[in-house]
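Asker: Okay, here's the structure, questions in a sec.
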Amino acid sequence: MSYKKTSVAIIVLCLILLLQTSFLVHFGLFGYVPNLIVVFLIFWNIFDRDKNLISSGLIASIFGGLLLDLFSSRIIGFNVAIMIAMSFFIKVIFKNYVRVPFIERF
Amino acid sequence: MFKVQSKRSEKIKKIAILAVFLLLLLLILNLFQKEVRSFTYSISSPVQKALWKTGNNFSGFIVSFFKAGSLKKENDEIKTRNQELLARIASLEESKRENEILRQALEIGLEKDFKLILAGVIGKDASQDFILIDKGFEDGVSKDDPVITSARVLVGRISEVYKKSSKVMLVSNKKSALNAEVIERNVSGVIKGEGGQKIIFDLIPREEELSNGDVVVSNGLEGVFPKGIVVGQVSDIKKDDTSSFQQVEVKYGFDIKRENALFIIVE
């Protein structure tokens, strides 16, 4: 796991959350603001080619889920579980079934 | 063979350690949920407050930029409406004067006004219809206190109180319900949250006549919200032959994009 990559992901997640809960609320369509944390984590996991079990994608997913839980009214762990599952799902799919040459280079 | 097995068992060991560590962390966070959230909000609130204000100003600018064409029409409509309201105020002033004279004659004291605390909005919940405000139990806020806007429009009630911030459950939250009425038509029902800042006026008998634009106000029967606070305006009426009640869609009076400051009714 690259500590540098993980730290960058954590800082970006904090910024996205602050924007999502305070700034983007004013620009939502029909009252809905897209969940940018989920969008960011999907892309981060797709482009993260770390083959270790504890990858920066997984740590970022746990942290992102934790942030979403802290800023919502649900039990802490609800979004963490969803984000971990999403991270594993993307890793499994990309490891076994998808070969994209330009992603391999990252 | 041995190498593969030891590698696999090492992997399982790693997964187990990670899972146990994560479960313990989540358990501790849930046990001290209030403190953890309070601490997080105290750190994030200054940045969120600034972002909220910036977003509000910026969206105002964008809206005025794109809606420049329809502004004249809107202005004309508002002018007409303003004249109607002025006429109504004049008649109400007359009623108020009569009311005061009658109260004096009967020696009934006027209803005391609310004790209010001014609070700023700092953020919206990441998933549901909750907002975060910058006043907490240090400022005298307590659970279930009603929250209104400066125009006396109902926002919701305090659902969680932290040290320097509180969470407000909006009327549009799916768990929210309150008794309300349309005074002009003497129709009572229940306002229910639908999520996504939508509300409905439910449990109104089919026979009752309502029309678009009717103002729905709280009637205080549930004992949480004060009487006579505006909730919204009727926007759509649905009558189903199979149901003995009609379902009315209400345009929620509180617009999260416009409000910076709210009032908490503490007494």
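Letters A, B, ... go to the chains of the structure tokens in the order shown; residues in each chain start at 1; ligands are counted from 1 in the same order.
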Would you tabulate, counting only C-alpha atoms, all residues of chain B that have an atom at most 7 Å from an atom of chain A, showing the closest pair of atoms and their distance in Å to one decimal, sorted by chain then ascending number, as CSV?

Answerer:
residue,atom,partner,partner_atom,distance
B:Leu26,CA,A:Gly77,CA,6.1
B:Leu29,CA,A:Ile76,CA,6.9
B:Asn30,CA,A:Ile76,CA,5.9
B:Arg37,CA,A:Leu70,CA,6.1
B:Gln48,CA,A:Ser22,CA,5.5
B:Leu51,CA,A:Phe23,CA,5.2
B:Trp52,CA,A:Ser22,CA,4.8
B:Gly55,CA,A:Phe23,CA,4.7
B:Asn56,CA,A:His26,CA,6.1
B:Ser59,CA,A:His26,CA,6.1
B:Ile122,CA,A:Ser22,CA,6.5
B:Gly123,CA,A:Ser22,CA,4.6
B:Lys124,CA,A:Thr21,CA,5.0
B:Asp125,CA,A:Ser72,CA,5.2
B:Ala126,CA,A:Ser72,CA,5.4
B:Ser127,CA,A:Ser72,CA,6.1
B:Gly196,CA,A:Gly31,CA,5.9
B:Gln197,CA,A:Gly31,CA,6.6
B:Lys257,CA,A:His26,CA,5.0

Asker: Take the residues that were just selected and, keeping all heavy atoms, output them as a tab-separated table (two decimals), in the first residue's frame.

Answerer:
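Writing done, so here's out-v2.tsv:
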chain	number	residue	atom	x	y	z
B	26	LEU	N	-15.44	0.46	14.89
B	26	LEU	CA	-16.83	0.88	14.67
B	26	LEU	C	-17.65	0.80	15.95
B	26	LEU	O	-18.49	1.64	16.24
B	26	LEU	CB	-17.48	0.03	13.57
B	26	LEU	CG	-16.92	0.24	12.16
B	26	LEU	CD1	-17.58	-0.69	11.17
B	26	LEU	CD2	-17.12	1.69	11.72
B	29	LEU	N	-16.68	3.74	18.07
B	29	LEU	CA	-17.26	4.96	17.50
B	29	LEU	C	-18.76	5.04	17.76
B	29	LEU	O	-19.29	6.11	18.01
B	29	LEU	CB	-17.00	5.01	15.98
B	29	LEU	CG	-15.58	5.35	15.55
B	29	LEU	CD1	-15.44	5.27	14.05
B	29	LEU	CD2	-15.18	6.73	16.02
B	30	ASN	N	-19.43	3.88	17.70
B	30	ASN	CA	-20.87	3.89	17.96
B	30	ASN	C	-21.19	4.12	19.42
B	30	ASN	O	-22.20	4.75	19.75
B	30	ASN	CB	-21.51	2.59	17.48
B	30	ASN	CG	-21.90	2.68	16.02
B	30	ASN	OD1	-22.67	3.54	15.64
B	30	ASN	ND2	-21.31	1.83	15.20
B	37	ARG	N	-19.28	12.69	16.94
B	37	ARG	CA	-19.94	13.59	15.97
B	37	ARG	C	-19.74	15.05	16.40
B	37	ARG	O	-19.46	15.91	15.56
B	37	ARG	CB	-21.42	13.25	15.87
B	37	ARG	CG	-21.65	12.00	15.07
B	37	ARG	CD	-23.06	11.95	14.53
B	37	ARG	NE	-23.15	11.01	13.44
B	37	ARG	CZ	-23.90	9.91	13.45
B	37	ARG	NH1	-24.62	9.62	14.50
B	37	ARG	NH2	-23.94	9.11	12.41
B	48	GLN	N	-17.35	24.73	6.94
B	48	GLN	CA	-18.67	24.52	6.34
B	48	GLN	C	-19.47	25.82	6.29
B	48	GLN	O	-20.16	26.09	5.31
B	48	GLN	CB	-19.43	23.48	7.16
B	48	GLN	CG	-18.99	22.06	6.85
B	48	GLN	CD	-19.90	21.07	7.51
B	48	GLN	OE1	-19.93	20.96	8.74
B	48	GLN	NE2	-20.65	20.34	6.73
B	51	LEU	N	-18.24	27.86	3.47
B	51	LEU	CA	-18.64	27.26	2.19
B	51	LEU	C	-20.12	27.47	1.92
B	51	LEU	O	-20.55	27.69	0.80
B	51	LEU	CB	-18.31	25.76	2.19
B	51	LEU	CG	-16.85	25.39	1.95
B	51	LEU	CD1	-16.64	23.91	2.17
B	51	LEU	CD2	-16.43	25.75	0.54
B	52	TRP	N	-20.92	27.35	2.99
B	52	TRP	CA	-22.38	27.53	2.86
B	52	TRP	C	-22.69	28.93	2.35
B	52	TRP	O	-23.49	29.13	1.43
B	52	TRP	CB	-23.07	27.27	4.20
B	52	TRP	CG	-24.55	27.29	4.10
B	52	TRP	CD1	-25.37	28.38	4.17
B	52	TRP	CD2	-25.41	26.17	3.85
B	52	TRP	NE1	-26.68	28.01	3.99
B	52	TRP	CE2	-26.73	26.67	3.80
B	52	TRP	CE3	-25.19	24.81	3.68
B	52	TRP	CZ2	-27.82	25.84	3.59
B	52	TRP	CZ3	-26.29	23.99	3.46
B	52	TRP	CH2	-27.58	24.50	3.41
B	55	GLY	N	-21.53	29.34	-1.27
B	55	GLY	CA	-22.46	28.62	-2.15
B	55	GLY	C	-23.75	29.40	-2.34
B	55	GLY	O	-24.28	29.50	-3.45
B	56	ASN	N	-24.25	29.97	-1.25
B	56	ASN	CA	-25.50	30.73	-1.29
B	56	ASN	C	-25.35	31.96	-2.18
B	56	ASN	O	-26.21	32.21	-3.06
B	56	ASN	CB	-25.83	31.15	0.15
B	56	ASN	CG	-27.28	31.53	0.31
B	56	ASN	OD1	-28.07	31.33	-0.59
B	56	ASN	ND2	-27.63	32.08	1.44
B	59	SER	N	-24.80	30.78	-5.92
B	59	SER	CA	-26.00	30.26	-6.58
B	59	SER	C	-26.98	31.39	-6.88
B	59	SER	O	-27.64	31.39	-7.91
B	59	SER	CB	-26.66	29.17	-5.74
B	59	SER	OG	-27.33	29.73	-4.66
B	122	ILE	N	-24.95	25.39	8.69
B	122	ILE	CA	-23.57	25.11	8.29
B	122	ILE	C	-23.47	23.93	7.32
B	122	ILE	O	-22.45	23.73	6.69
B	122	ILE	CB	-22.63	24.89	9.50
B	122	ILE	CG1	-23.19	23.85	10.46
B	122	ILE	CG2	-22.34	26.18	10.18
B	122	ILE	CD1	-22.24	23.55	11.60
B	123	GLY	N	-24.50	23.15	7.18
B	123	GLY	CA	-24.40	22.04	6.25
B	123	GLY	C	-25.67	21.22	6.16
B	123	GLY	O	-26.59	21.36	6.96
B	124	LYS	N	-25.70	20.37	5.14
B	124	LYS	CA	-26.83	19.47	4.97
B	124	LYS	C	-26.33	18.04	5.12
B	124	LYS	O	-25.18	17.74	4.77
B	124	LYS	CB	-27.44	19.66	3.58
B	124	LYS	CG	-28.72	18.92	3.38
B	124	LYS	CD	-29.30	19.23	2.01
B	124	LYS	CE	-30.58	18.47	1.78
B	124	LYS	NZ	-30.39	17.14	1.24
B	125	ASP	N	-27.17	17.23	5.68
B	125	ASP	CA	-26.83	15.82	5.87
B	125	ASP	C	-26.44	15.18	4.54
B	125	ASP	O	-27.01	15.51	3.50
B	125	ASP	CB	-28.07	15.12	6.44
B	125	ASP	CG	-27.77	13.74	6.92
B	125	ASP	OD1	-27.41	12.90	6.08
B	125	ASP	OD2	-27.88	13.51	8.12
B	126	ALA	N	-25.46	14.27	4.60
B	126	ALA	CA	-24.98	13.67	3.36
B	126	ALA	C	-26.03	12.80	2.66
B	126	ALA	O	-25.95	12.56	1.47
B	126	ALA	CB	-23.74	12.84	3.64
B	127	SER	N	-27.03	12.31	3.38
B	127	SER	CA	-27.96	11.40	2.73
B	127	SER	C	-29.44	11.75	2.91
B	127	SER	O	-30.23	11.54	2.01
B	127	SER	CB	-27.74	9.98	3.23
B	127	SER	OG	-27.85	9.97	4.63
B	196	GLY	N	-36.34	14.06	0.19
B	196	GLY	CA	-36.01	14.89	-0.98
B	196	GLY	C	-36.73	16.22	-0.98
B	196	GLY	O	-37.11	16.72	-2.02
B	197	GLN	N	-36.95	16.78	0.21
B	197	GLN	CA	-37.64	18.06	0.41
B	197	GLN	C	-39.06	18.10	-0.15
B	197	GLN	O	-39.54	19.13	-0.61
B	197	GLN	CB	-36.80	19.20	-0.16
B	197	GLN	CG	-35.54	19.40	0.68
B	197	GLN	CD	-34.82	20.66	0.35
B	197	GLN	OE1	-35.42	21.71	0.31
B	197	GLN	NE2	-33.53	20.55	0.13
B	257	LYS	N	-31.89	26.40	-0.12
B	257	LYS	CA	-30.89	27.16	-0.88
B	257	LYS	C	-30.89	28.65	-0.52
B	257	LYS	O	-29.94	29.35	-0.79
B	257	LYS	CB	-31.17	27.02	-2.38
B	257	LYS	CG	-30.89	25.62	-2.90
B	257	LYS	CD	-31.25	25.54	-4.36
B	257	LYS	CE	-31.13	24.13	-4.85
B	257	LYS	NZ	-31.65	23.98	-6.21

Asker: What are the DSSP strand (DSSP E or B) residues of range 177-251 of chain B, as number ranges by chain?

Answerer: B: 177-182, 187-195, 198-205, 215-218, 230-239, 245-251

Asker: Find the distance between CA of Leu203 in chain B and CA of Asp236 in chain B and write it in Å to one decimal.

Answerer: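 Taking CA of Leu203 in chain B as the start and CA of Asp236 in chain B as the end point, the length is 14.9 Å.
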
Asker: Provide the CA of Leu41 in chain A to CA of Ser2 in chain A distance in Å, to one decimal place.

Answerer: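 Result for CA of Leu41 in chain A versus CA of Ser2 in chain A: 16.1 Å, one decimal.
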
Asker: Closest to Thr149 in chain B among B:Val47, B:Leu23, B:Ala261, B:Ile117, using only C-alpha atoms?

Answerer: B:Ala261

Asker: Fewer than 2 positions away in the same chain doesn't count, so skip those; otherwise give me all residues within 10 Å of range 89-95 of chain A, counting only C-alpha atoms, as a list in words.

Answerer: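 What passes the distance filter is Ile42, Phe43, Asn45, Ile46, Phe47, Asp48, Arg49, Asp50, Lys51, Leu53, Gly57, Leu58, Met83, Ile84, Ala85, Met86, Ser87, Tyr97, Val98, Arg99 and Val100 of chain A.
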
Asker: Could you please take those selected residues and save N, CA and C atoms as a tab-separated table (two decimals), in the first residue's frame?

Answerer:
chain	number	residue	atom	x	y	z
A	42	ILE	N	-15.30	5.04	-6.52
A	42	ILE	CA	-15.41	4.08	-7.64
A	42	ILE	C	-14.20	4.26	-8.57
A	43	PHE	N	-13.94	5.51	-8.95
A	43	PHE	CA	-12.81	5.77	-9.85
A	43	PHE	C	-11.47	5.41	-9.19
A	45	ASN	N	-10.86	3.20	-6.93
A	45	ASN	CA	-10.69	1.74	-6.88
A	45	ASN	C	-10.42	1.15	-8.26
A	46	ILE	N	-11.02	1.74	-9.29
A	46	ILE	CA	-10.77	1.24	-10.64
A	46	ILE	C	-9.31	1.48	-11.05
A	47	PHE	N	-8.83	2.69	-10.75
A	47	PHE	CA	-7.47	3.04	-11.19
A	47	PHE	C	-6.38	2.59	-10.21
A	48	ASP	N	-6.78	2.11	-9.05
A	48	ASP	CA	-5.79	1.64	-8.08
A	48	ASP	C	-5.39	0.20	-8.45
A	49	ARG	N	-4.16	0.03	-8.91
A	49	ARG	CA	-3.73	-1.29	-9.35
A	49	ARG	C	-2.93	-2.03	-8.29
A	50	ASP	N	-3.02	-1.57	-7.05
A	50	ASP	CA	-2.33	-2.21	-5.94
A	50	ASP	C	-2.91	-3.61	-5.74
A	51	LYS	N	-2.07	-4.65	-5.82
A	51	LYS	CA	-2.60	-6.02	-5.74
A	51	LYS	C	-2.62	-6.53	-4.30
A	53	LEU	N	-3.70	-6.97	-0.36
A	53	LEU	CA	-5.04	-7.05	0.23
A	53	LEU	C	-5.44	-5.70	0.82
A	57	GLY	N	-6.99	1.78	-2.16
A	57	GLY	CA	-8.41	1.82	-2.52
A	57	GLY	C	-9.29	1.39	-1.36
A	58	LEU	N	-8.86	0.34	-0.67
A	58	LEU	CA	-9.65	-0.18	0.46
A	58	LEU	C	-9.65	0.82	1.62
A	83	MET	N	-19.12	0.70	1.33
A	83	MET	CA	-17.92	1.11	0.58
A	83	MET	C	-16.88	-0.02	0.50
A	84	ILE	N	-16.74	-0.79	1.59
A	84	ILE	CA	-15.80	-1.92	1.56
A	84	ILE	C	-16.27	-2.94	0.52
A	85	ALA	N	-17.57	-3.23	0.55
A	85	ALA	CA	-18.13	-4.20	-0.41
A	85	ALA	C	-17.90	-3.72	-1.84
A	86	MET	N	-18.12	-2.41	-2.05
A	86	MET	CA	-17.92	-1.84	-3.38
A	86	MET	C	-16.46	-1.97	-3.83
A	87	SER	N	-15.56	-1.68	-2.89
A	87	SER	CA	-14.12	-1.76	-3.20
A	87	SER	C	-13.72	-3.19	-3.59
A	97	TYR	N	-11.77	-10.25	-14.65
A	97	TYR	CA	-12.53	-10.21	-15.90
A	97	TYR	C	-12.17	-9.06	-16.85
A	98	VAL	N	-11.51	-8.02	-16.33
A	98	VAL	CA	-11.29	-6.85	-17.20
A	98	VAL	C	-9.80	-6.62	-17.43
A	99	ARG	N	-9.46	-6.42	-18.68
A	99	ARG	CA	-8.08	-6.07	-19.01
A	99	ARG	C	-8.10	-4.80	-19.88
A	100	VAL	N	-7.75	-3.70	-19.28
A	100	VAL	CA	-7.70	-2.45	-20.06
A	100	VAL	C	-6.25	-2.00	-20.09

Asker: If DSSP is run on the backbone, what residues of chain A are helix (DSSP H, G or I)? A reply as an MDAnalysis selection string would be ideal.

Answerer: chainID A and resid 3:27 36:47 56:70 78:96 101:104

Asker: Excluding range 177-183 of chain B and any residue of its chain fewer than 3 positions from it, enumerate the residues within 10 Å of it, using only C-alpha atoms, and give them as JSON, numbers by chain.

Answerer: {"B": [156, 171, 172, 173, 174, 186, 187, 188, 189, 190, 191, 192, 193, 194, 199, 200, 201, 202, 204, 210, 214, 215, 216, 217, 218, 219, 220, 221, 222, 223, 224, 225, 227, 228, 229, 230, 231, 233, 234]}

Asker: Write the residues of the selection above to a file with C-alpha atoms, as a tab-separated table (two decimals), in the first residue's frame.

Answerer:
chain	number	residue	atom	x	y	z
B	156	GLY	CA	-38.32	21.20	11.42
B	171	VAL	CA	-40.42	18.54	7.99
B	172	SER	CA	-39.69	16.76	4.69
B	173	ASN	CA	-37.81	13.93	6.44
B	174	LYS	CA	-39.57	10.58	6.05
B	186	ASN	CA	-61.24	24.77	8.15
B	187	VAL	CA	-59.56	21.57	6.92
B	188	SER	CA	-57.20	19.58	9.18
B	189	GLY	CA	-54.82	16.77	8.33
B	190	VAL	CA	-51.34	15.43	8.83
B	191	ILE	CA	-48.22	16.74	7.12
B	192	LYS	CA	-45.88	13.86	6.32
B	193	GLY	CA	-42.33	14.02	5.00
B	194	GLU	CA	-41.60	12.22	1.75
B	199	ILE	CA	-44.12	16.85	1.78
B	200	ILE	CA	-47.72	15.71	1.55
B	201	PHE	CA	-50.86	16.76	3.40
B	202	ASP	CA	-52.51	13.47	4.25
B	204	ILE	CA	-58.00	14.71	4.51
B	210	LEU	CA	-58.99	22.44	-1.29
B	214	ASP	CA	-54.01	27.32	-0.09
B	215	VAL	CA	-51.64	27.99	2.81
B	216	VAL	CA	-51.07	25.09	5.21
B	217	VAL	CA	-50.16	26.03	8.79
B	218	SER	CA	-49.31	23.96	11.85
B	219	ASN	CA	-52.07	23.59	14.45
B	220	GLY	CA	-49.90	22.41	17.34
B	221	LEU	CA	-51.98	19.33	18.22
B	222	GLU	CA	-48.96	17.01	18.40
B	223	GLY	CA	-47.48	19.26	21.09
B	224	VAL	CA	-44.11	19.88	19.48
B	225	PHE	CA	-44.68	22.72	17.04
B	227	LYS	CA	-49.73	26.88	16.30
B	228	GLY	CA	-49.98	29.05	13.18
B	229	ILE	CA	-46.54	28.51	11.66
B	230	VAL	CA	-46.60	28.27	7.84
B	231	VAL	CA	-45.60	24.86	6.44
B	233	GLN	CA	-48.72	25.90	-0.05
B	234	VAL	CA	-50.97	23.31	-1.68

Asker: For CA of Ser211 in chain B and CA of Thr80 in chain B, quote the distance in Å rounded to one decimal.

Answerer: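 Pair CA of Ser211 in chain B / CA of Thr80 in chain B returns 19.9 Å.
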
Asker: Which is closer to Phe130 in chain B than all the others in B:Ser166, B:Ser142, B:Gln104, B:Ser235, using only C-alpha atoms?

Answerer: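 When distances to Phe130 in chain B are compared using only C-alpha atoms, the smallest one comes from B:Ser166.
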
Asker: Can you work out which one of A:Phe88, A:Ala81, A:Ser61, A:Asn96 has the shortest atom-to-atom distance to Thr6 in chain A, counting only C-alpha atoms?

Answerer: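 Under the stated criterion, the closest residue is A:Ser61.
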